[in-house]
Amino acid sequence: MDKSVLATALGSPAPFGQSQFAFMRGNAFEAKVKADGGAELLRLLYERLGGGAEAPAGDAATPDLSAAGPEGRAARTALALREATAAGGWALLDHPMLALEVAGSPAYLEPDAVVVHPDGRWTVVEIKSFPMIDASADPSKVGAAARQAAVYVLALERVAAVTEGAEVGHRVLLVCPKDFSNLPTASVVDVRKQRAVTRRQLTRLTRVEDIAAGLPEGTTFDPECPPEDLDAAVAAVPPAYAPECLAACELAFHCRAKSRAEGAVEALGRSVRGELGGLTTVAGVLAAAAGKEGDPADPTVAALRRAAALRAEALESASAARAGALDGGSLPRDGAPEGAAACR
């Protein structure tokens, strides 16, 4: 089921999406980076991650990865990776297809490129259209790219485990436009932390079969069914909403509305949720801060009450300062403060 279709049927369509201009600009930049058999891309990679190998001399292999369906493409990619590793030279795989098991079901992934080094190392390449200004890019965008690349690394490790002499590099190459031009530049991003987090999250995911077994009999996600039935079906699968979902999930606006209606603190962000401990609702947080609920010995409750007291003190001081400013000056008959007329 396409989540965008489901979100529209629920009355909460996702209004985001990449503009046609941005999409075309991104495609044009990627084509520029990969032109001439990926000569510029390989040059950037050799400068940042070349190691002791000889520089690519324009003879890097670019295997054909076309096949029928995602499963066929994934198998063709795995074969190309093994052949390139055995050949002992440079190879550039353009848009390979990788498979990764997620909650018991295969998920197919398509990185921008994977480069095979002569020593058998495999490097993931991510090509993004956001700029790298003075060798630095937006940290939030770099972080998102690192998390995305970490998933590709995990998928590649499955193939490398059955490929003699292969090793997946934990450093990926991020290629972006340089400053305000369309010239490519690159930076190396270490994704070991993101890889570890993603791997841990994948092991904790509930299998699709187990989720389906826990649903009420007759549950359907058919967008043609009545909205109230569809809403109940979606509610049968507990969401794990966070503001970050807005940038990645078509159902995020539906889940956000539900989260806000329930007053869940998750709507404020995962970091806030982590700081609030056992307080799970906004109403509960406000009541604890006001001293109406909560154990005073609880550090979270004590911190909330201290913050509320400081806020009240600051508001009282600001109010007193405004009152003093008004009382300290007289107003002439035309309503302007004294001295204002002299400034006219």
# chains A, B, ... in the order shown; residues from 1 in each chain; ligands from 1

$ select_by_dssp --residues "stretch 170-205 of chain A" --states "strand (DSSP E)" --output "MDAnalysis selection string"
chainID A and resid 171:177 184:190

$ write_last_selection --atoms "N, CA, C and O atoms" --output "PDB file, in the first residue's frame"
ATOM      1  N   ARG A 171      33.584   4.741   6.065  1.00  0.00           N
ATOM      2  CA  ARG A 171      33.613   6.154   5.673  1.00  0.00           C
ATOM      3  C   ARG A 171      33.023   6.281   4.275  1.00  0.00           C
ATOM      4  O   ARG A 171      33.448   5.579   3.352  1.00  0.00           O
ATOM      5  N   VAL A 172      32.041   7.146   4.133  1.00  0.00           N
ATOM      6  CA  VAL A 172      31.366   7.320   2.844  1.00  0.00           C
ATOM      7  C   VAL A 172      31.774   8.663   2.247  1.00  0.00           C
ATOM      8  O   VAL A 172      32.216   9.575   2.960  1.00  0.00           O
ATOM      9  N   LEU A 173      31.608   8.776   0.931  1.00  0.00           N
ATOM     10  CA  LEU A 173      31.960  10.004   0.231  1.00  0.00           C
ATOM     11  C   LEU A 173      30.690  10.800  -0.040  1.00  0.00           C
ATOM     12  O   LEU A 173      29.770  10.307  -0.708  1.00  0.00           O
ATOM     13  N   LEU A 174      30.643  11.999   0.486  1.00  0.00           N
ATOM     14  CA  LEU A 174      29.519  12.898   0.261  1.00  0.00           C
ATOM     15  C   LEU A 174      29.941  13.947  -0.766  1.00  0.00           C
ATOM     16  O   LEU A 174      30.869  14.709  -0.529  1.00  0.00           O
ATOM     17  N   VAL A 175      29.251  13.967  -1.906  1.00  0.00           N
ATOM     18  CA  VAL A 175      29.582  14.892  -2.997  1.00  0.00           C
ATOM     19  C   VAL A 175      28.490  15.950  -3.086  1.00  0.00           C
ATOM     20  O   VAL A 175      27.300  15.615  -3.171  1.00  0.00           O
ATOM     21  N   CYS A 176      28.887  17.219  -3.069  1.00  0.00           N
ATOM     22  CA  CYS A 176      27.949  18.347  -3.100  1.00  0.00           C
ATOM     23  C   CYS A 176      28.498  19.444  -4.014  1.00  0.00           C
ATOM     24  O   CYS A 176      29.698  19.460  -4.331  1.00  0.00           O
ATOM     25  N   PRO A 177      27.648  20.394  -4.413  1.00  0.00           N
ATOM     26  CA  PRO A 177      28.154  21.556  -5.148  1.00  0.00           C
ATOM     27  C   PRO A 177      29.073  22.401  -4.263  1.00  0.00           C
ATOM     28  O   PRO A 177      28.811  22.572  -3.074  1.00  0.00           O
ATOM     29  N   PRO A 184      31.508  20.176  -8.477  1.00  0.00           N
ATOM     30  CA  PRO A 184      31.434  19.223  -7.363  1.00  0.00           C
ATOM     31  C   PRO A 184      32.648  19.284  -6.435  1.00  0.00           C
ATOM     32  O   PRO A 184      33.777  19.506  -6.876  1.00  0.00           O
ATOM     33  N   THR A 185      32.377  19.106  -5.179  1.00  0.00           N
ATOM     34  CA  THR A 185      33.419  18.924  -4.170  1.00  0.00           C
ATOM     35  C   THR A 185      32.960  17.787  -3.270  1.00  0.00           C
ATOM     36  O   THR A 185      31.814  17.339  -3.357  1.00  0.00           O
ATOM     37  N   ALA A 186      33.854  17.306  -2.428  1.00  0.00           N
ATOM     38  CA  ALA A 186      33.503  16.118  -1.651  1.00  0.00           C
ATOM     39  C   ALA A 186      34.049  16.200  -0.238  1.00  0.00           C
ATOM     40  O   ALA A 186      35.020  16.911   0.046  1.00  0.00           O
ATOM     41  N   SER A 187      33.401  15.461   0.642  1.00  0.00           N
ATOM     42  CA  SER A 187      33.820  15.352   2.031  1.00  0.00           C
ATOM     43  C   SER A 187      33.616  13.911   2.477  1.00  0.00           C
ATOM     44  O   SER A 187      32.725  13.219   1.979  1.00  0.00           O
ATOM     45  N   VAL A 188      34.445  13.467   3.392  1.00  0.00           N
ATOM     46  CA  VAL A 188      34.341  12.108   3.924  1.00  0.00           C
ATOM     47  C   VAL A 188      33.537  12.142   5.218  1.00  0.00           C
ATOM     48  O   VAL A 188      33.786  12.975   6.097  1.00  0.00           O
ATOM     49  N   VAL A 189      32.561  11.265   5.333  1.00  0.00           N
ATOM     50  CA  VAL A 189      31.703  11.201   6.513  1.00  0.00           C
ATOM     51  C   VAL A 189      31.827   9.810   7.128  1.00  0.00           C
ATOM     52  O   VAL A 189      31.591   8.807   6.462  1.00  0.00           O
ATOM     53  N   ASP A 190      32.200   9.770   8.391  1.00  0.00           N
ATOM     54  CA  ASP A 190      32.295   8.499   9.119  1.00  0.00           C
ATOM     55  C   ASP A 190      30.900   8.129   9.620  1.00  0.00           C
ATOM     56  O   ASP A 190      30.280   8.893  10.367  1.00  0.00           O
TER      57      ASP A 190
END

$ closest_atom_pairs --of "stretch 142-207 of chain A" --to "stretch 237-245 of chain A" --cutoff "12 Å" --atoms "only C-alpha atoms" --output "tab-separated table"
residue	atom	partner	partner_atom	distance
A:Ala144	CA	A:Glu244	CA	10.4
A:Leu205	CA	A:Ala240	CA	11.9
A:Thr206	CA	A:Val237	CA	11.3

$ write_last_selection --atoms "C-alpha atoms" --output "tab-separated table (two decimals), in the first residue's frame"
chain	number	residue	atom	x	y	z
A	144	ALA	CA	20.44	12.90	7.26
A	205	LEU	CA	11.65	-3.92	14.88
A	206	THR	CA	8.58	-6.10	15.20

$ select_by_dssp --residues "stretch 238-340 of chain A" --states "helix (DSSP H, G or I)" --output "CSV table (one decimal) with N, CA and C atoms, in the first residue's frame"
chain,number,residue,atom,x,y,z
A,243,PRO,N,8.6,14.7,15.3
A,243,PRO,CA,8.7,15.7,14.3
A,243,PRO,C,9.5,15.4,13.1
A,244,GLU,N,10.6,14.6,13.3
A,244,GLU,CA,11.4,14.2,12.2
A,244,GLU,C,10.7,13.5,11.1
A,245,CYS,N,9.5,12.8,11.5
A,245,CYS,CA,8.7,12.0,10.5
A,245,CYS,C,8.2,12.9,9.4
A,246,LEU,N,8.0,14.2,9.7
A,246,LEU,CA,7.4,15.1,8.7
A,246,LEU,C,8.2,15.2,7.4
A,247,ALA,N,9.5,14.9,7.5
A,247,ALA,CA,10.4,15.0,6.3
A,247,ALA,C,10.5,13.7,5.6
A,252,ALA,N,2.8,11.2,8.2
A,252,ALA,CA,3.3,11.9,9.4
A,252,ALA,C,2.2,13.0,9.9
A,253,PHE,N,1.5,13.6,8.9
A,253,PHE,CA,0.6,14.6,9.3
A,253,PHE,C,-0.6,14.0,10.0
A,254,HIS,N,-1.0,12.8,9.6
A,254,HIS,CA,-2.1,12.1,10.2
A,254,HIS,C,-1.7,11.7,11.7
A,255,CYS,N,-0.5,11.2,11.8
A,255,CYS,CA,0.0,10.8,13.1
A,255,CYS,C,0.2,12.0,14.0
A,256,ARG,N,0.7,13.1,13.4
A,256,ARG,CA,0.8,14.3,14.2
A,256,ARG,C,-0.5,14.8,14.8
A,257,ALA,N,-1.5,14.8,14.0
A,257,ALA,CA,-2.8,15.2,14.4
A,257,ALA,C,-3.3,14.4,15.6
A,258,LYS,N,-3.1,13.1,15.5
A,258,LYS,CA,-3.5,12.2,16.6
A,258,LYS,C,-2.7,12.4,17.8
A,259,SER,N,-1.4,12.6,17.6
A,259,SER,CA,-0.5,12.8,18.8
A,259,SER,C,-0.9,14.1,19.5
A,260,ARG,N,-1.2,15.2,18.7
A,260,ARG,CA,-1.6,16.4,19.4
A,260,ARG,C,-2.9,16.3,20.1
A,261,ALA,N,-3.8,15.6,19.5
A,261,ALA,CA,-5.2,15.4,20.1
A,261,ALA,C,-5.0,14.7,21.4
A,262,GLU,N,-4.1,13.7,21.5
A,262,GLU,CA,-3.9,13.0,22.7
A,262,GLU,C,-3.0,13.7,23.7
A,265,VAL,N,3.7,13.9,24.5
A,265,VAL,CA,4.9,14.7,24.5
A,265,VAL,C,5.8,14.4,23.3
A,266,GLU,N,5.6,13.2,22.7
A,266,GLU,CA,6.4,12.9,21.5
A,266,GLU,C,6.3,13.9,20.4
A,267,ALA,N,5.2,14.7,20.4
A,267,ALA,CA,5.0,15.7,19.4
A,267,ALA,C,6.0,16.8,19.5
A,268,LEU,N,6.6,17.0,20.7
A,268,LEU,CA,7.6,18.0,20.9
A,268,LEU,C,9.0,17.6,20.5
A,270,ARG,N,11.9,13.9,20.1
A,270,ARG,CA,12.4,12.7,20.9
A,270,ARG,C,13.3,13.2,22.0
A,271,SER,N,14.0,14.3,21.8
A,271,SER,CA,14.9,14.8,22.9
A,271,SER,C,14.1,15.2,24.1
A,272,VAL,N,13.0,15.9,23.8
A,272,VAL,CA,12.1,16.4,24.9
A,272,VAL,C,11.5,15.2,25.6
A,273,ARG,N,11.0,14.2,24.8
A,273,ARG,CA,10.4,13.0,25.4
A,273,ARG,C,11.4,12.3,26.3
A,274,GLY,N,12.7,12.3,25.9
A,274,GLY,CA,13.7,11.6,26.7
A,274,GLY,C,13.9,12.4,28.0
A,275,GLU,N,13.8,13.7,28.0
A,275,GLU,CA,14.0,14.5,29.2
A,275,GLU,C,12.9,14.4,30.2
A,282,VAL,N,1.3,16.3,27.7
A,282,VAL,CA,1.6,17.7,27.9
A,282,VAL,C,0.8,18.2,29.1
A,283,ALA,N,-0.4,17.7,29.3
A,283,ALA,CA,-1.2,18.1,30.5
A,283,ALA,C,-0.6,17.7,31.7
A,284,GLY,N,0.0,16.5,31.7
A,284,GLY,CA,0.7,16.0,32.9
A,284,GLY,C,2.0,16.8,33.2
A,285,VAL,N,2.7,17.3,32.2
A,285,VAL,CA,3.9,18.1,32.4
A,285,VAL,C,3.5,19.4,33.0
A,286,LEU,N,2.4,20.1,32.5
A,286,LEU,CA,2.0,21.4,33.0
A,286,LEU,C,1.5,21.2,34.4
A,287,ALA,N,0.8,20.1,34.7
A,287,ALA,CA,0.3,19.9,36.1
A,287,ALA,C,1.5,19.7,37.1
A,288,ALA,N,2.5,19.0,36.6
A,288,ALA,CA,3.7,18.8,37.4
A,288,ALA,C,4.4,20.1,37.7
A,289,ALA,N,4.5,20.9,36.6
A,289,ALA,CA,5.2,22.2,36.8
A,289,ALA,C,4.5,23.1,37.7
A,299,PRO,N,13.4,14.0,40.0
A,299,PRO,CA,14.2,15.0,39.5
A,299,PRO,C,13.5,15.8,38.3
A,300,THR,N,12.8,15.1,37.5
A,300,THR,CA,12.1,15.7,36.4
A,300,THR,C,11.0,16.7,36.9
A,301,VAL,N,10.3,16.3,37.8
A,301,VAL,CA,9.2,17.1,38.4
A,301,VAL,C,9.9,18.3,39.1
A,302,ALA,N,11.0,18.1,39.8
A,302,ALA,CA,11.7,19.2,40.5
A,302,ALA,C,12.2,20.2,39.5
A,303,ALA,N,12.7,19.7,38.4
A,303,ALA,CA,13.3,20.6,37.4
A,303,ALA,C,12.2,21.4,36.7
A,304,LEU,N,11.0,20.8,36.5
A,304,LEU,CA,9.9,21.5,35.9
A,304,LEU,C,9.4,22.6,36.8
A,305,ARG,N,9.3,22.3,38.1
A,305,ARG,CA,8.8,23.3,39.0
A,305,ARG,C,9.8,24.5,39.2
A,306,ARG,N,11.1,24.2,39.2
A,306,ARG,CA,12.1,25.2,39.2
A,306,ARG,C,12.0,26.1,38.0
A,307,ALA,N,11.8,25.5,36.8
A,307,ALA,CA,11.7,26.3,35.6
A,307,ALA,C,10.4,27.1,35.6
A,308,ALA,N,9.3,26.6,36.1
A,308,ALA,CA,8.1,27.4,36.2
A,308,ALA,C,8.3,28.6,37.2
A,309,ALA,N,9.0,28.3,38.3
A,309,ALA,CA,9.2,29.4,39.2
A,309,ALA,C,10.1,30.5,38.6
A,310,LEU,N,11.1,30.1,37.9
A,310,LEU,CA,12.0,31.1,37.2
A,310,LEU,C,11.2,31.9,36.2
A,311,ARG,N,10.3,31.2,35.4
A,311,ARG,CA,9.5,31.9,34.4
A,311,ARG,C,8.6,32.9,35.1
A,312,ALA,N,7.9,32.5,36.2
A,312,ALA,CA,7.0,33.4,36.8
A,312,ALA,C,7.8,34.6,37.4
A,313,GLU,N,9.0,34.4,37.9
A,313,GLU,CA,9.8,35.5,38.5
A,313,GLU,C,10.2,36.4,37.4
A,314,ALA,N,10.6,35.9,36.2
A,314,ALA,CA,11.0,36.7,35.1
A,314,ALA,C,9.8,37.6,34.6
A,315,LEU,N,8.6,36.9,34.5
A,315,LEU,CA,7.4,37.7,34.0
A,315,LEU,C,7.0,38.8,35.0
A,316,GLU,N,7.1,38.5,36.3
A,316,GLU,CA,6.8,39.5,37.3
A,316,GLU,C,7.8,40.7,37.2
A,317,SER,N,9.0,40.4,37.1
A,317,SER,CA,10.0,41.5,37.0
A,317,SER,C,9.8,42.3,35.7
A,318,ALA,N,9.5,41.7,34.6
A,318,ALA,CA,9.2,42.4,33.4
A,318,ALA,C,8.0,43.3,33.5
A,319,SER,N,6.9,42.7,34.2
A,319,SER,CA,5.7,43.5,34.4
A,319,SER,C,6.0,44.7,35.3
A,320,ALA,N,6.8,44.5,36.3
A,320,ALA,CA,7.1,45.6,37.3
A,320,ALA,C,7.9,46.7,36.5
A,321,ALA,N,8.8,46.2,35.7
A,321,ALA,CA,9.6,47.2,35.0
A,321,ALA,C,8.8,48.0,34.0
A,322,ARG,N,7.8,47.4,33.3
A,322,ARG,CA,6.9,48.2,32.4
A,322,ARG,C,6.1,49.1,33.2
A,323,ALA,N,5.6,48.7,34.4
A,323,ALA,CA,4.7,49.6,35.2
A,323,ALA,C,5.5,50.8,35.7
A,324,GLY,N,6.7,50.5,36.1
A,324,GLY,CA,7.6,51.6,36.6
A,324,GLY,C,7.9,52.6,35.5
A,325,ALA,N,8.1,52.1,34.3
A,325,ALA,CA,8.4,53.0,33.1
A,325,ALA,C,7.2,53.9,32.8
A,326,LEU,N,6.0,53.3,32.9
A,326,LEU,CA,4.8,54.1,32.7
A,326,LEU,C,4.5,55.1,33.8
A,327,ASP,N,4.7,54.7,35.0
A,327,ASP,CA,4.5,55.6,36.1
A,327,ASP,C,5.5,56.7,36.2

$ residues_around --residues "A:Asn27" --least-positions-apart "4" --cutoff "10 Å" --atoms "only C-alpha atoms" --output "JSON, numbers by chain"
{"A": [21, 22, 23, 31, 32, 33, 127, 128, 129]}

$ atom_distance --atom1 "atom CA of A:Ala248" --atom2 "atom CA of A:Gly263"
22.4 Å

$ residues_around --residues "stretch 208-212 of chain A" --least-positions-apart "5" --cutoff "9 Å" --atoms "only C-alpha atoms" --output "ChimeraX atom specification"
/A:102-105,237

$ write_last_selection --atoms "all heavy atoms" --output "PDB file, in the first residue's frame"
ATOM      1  N   VAL A 102      14.150  -6.009   6.583  1.00  0.00           N
ATOM      2  CA  VAL A 102      13.581  -5.078   7.561  1.00  0.00           C
ATOM      3  C   VAL A 102      12.316  -5.706   8.122  1.00  0.00           C
ATOM      4  O   VAL A 102      11.347  -5.918   7.392  1.00  0.00           O
ATOM      5  CB  VAL A 102      13.261  -3.712   6.924  1.00  0.00           C
ATOM      6  CG1 VAL A 102      12.643  -2.774   7.962  1.00  0.00           C
ATOM      7  CG2 VAL A 102      14.514  -3.083   6.327  1.00  0.00           C
ATOM      8  N   ALA A 103      12.340  -6.022   9.407  1.00  0.00           N
ATOM      9  CA  ALA A 103      11.198  -6.636  10.091  1.00  0.00           C
ATOM     10  C   ALA A 103      10.715  -7.888   9.376  1.00  0.00           C
ATOM     11  O   ALA A 103       9.525  -8.141   9.248  1.00  0.00           O
ATOM     12  CB  ALA A 103      10.063  -5.633  10.231  1.00  0.00           C
ATOM     13  N   GLY A 104      11.667  -8.678   8.870  1.00  0.00           N
ATOM     14  CA  GLY A 104      11.319  -9.936   8.251  1.00  0.00           C
ATOM     15  C   GLY A 104      10.958  -9.863   6.785  1.00  0.00           C
ATOM     16  O   GLY A 104      10.687 -10.902   6.169  1.00  0.00           O
ATOM     17  N   SER A 105      10.956  -8.678   6.205  1.00  0.00           N
ATOM     18  CA  SER A 105      10.612  -8.522   4.790  1.00  0.00           C
ATOM     19  C   SER A 105      11.763  -7.837   4.057  1.00  0.00           C
ATOM     20  O   SER A 105      12.447  -6.981   4.631  1.00  0.00           O
ATOM     21  CB  SER A 105       9.337  -7.693   4.634  1.00  0.00           C
ATOM     22  OG  SER A 105       8.250  -8.327   5.274  1.00  0.00           O
ATOM     23  N   VAL A 237      -2.465  -0.017  14.463  1.00  0.00           N
ATOM     24  CA  VAL A 237      -1.001  -0.127  14.440  1.00  0.00           C
ATOM     25  C   VAL A 237      -0.448   1.097  15.168  1.00  0.00           C
ATOM     26  O   VAL A 237      -0.449   2.194  14.620  1.00  0.00           O
ATOM     27  CB  VAL A 237      -0.459  -0.177  13.002  1.00  0.00           C
ATOM     28  CG1 VAL A 237       1.054  -0.362  13.014  1.00  0.00           C
ATOM     29  CG2 VAL A 237      -1.124  -1.286  12.212  1.00  0.00           C
TER      30      VAL A 237
END

$ closest_residue --among "A:Val191, A:Leu81, A:Val115, A:Val168" --to "A:Ala149" --atoms "only C-alpha atoms"
A:Val191

$ atom_distance --atom1 "atom CA of A:Thr62" --atom2 "atom CA of A:Asp94"
7.4 Å

$ closest_residue --among "A:Ala146, A:Val116, A:Leu92, A:Ser140" --to "A:Ala35" --atoms "only C-alpha atoms"
A:Leu92

$ residues_around --residues "stretch 83-89 of chain A" --least-positions-apart "4" --cutoff "7 Å" --atoms "only C-alpha atoms" --output "PyMOL selection string"
chain A and resi 79+116-120+166

$ decode --residues "stretch 190-203 of chain A" --atoms "C-alpha atoms" --output "compact mmCIF listing (two decimals), in the first residue's frame"
# COMPACT_ATOMS: atom_id res chain seq x y z
CA ASP A 190 32.29 8.50 9.12
CA VAL A 191 29.03 6.58 9.57
CA ARG A 192 30.04 4.08 12.24
CA LYS A 193 27.79 5.68 14.85
CA GLN A 194 24.80 5.86 12.48
CA ARG A 195 25.43 2.29 11.36
CA ALA A 196 25.43 1.00 14.95
CA VAL A 197 22.23 2.88 15.79
CA THR A 198 20.47 1.69 12.63
CA ARG A 199 21.53 -1.90 13.19
CA ARG A 200 20.26 -1.81 16.75
CA GLN A 201 16.95 -0.31 15.63
CA LEU A 202 16.52 -2.95 12.93
CA THR A 203 16.97 -5.76 15.44
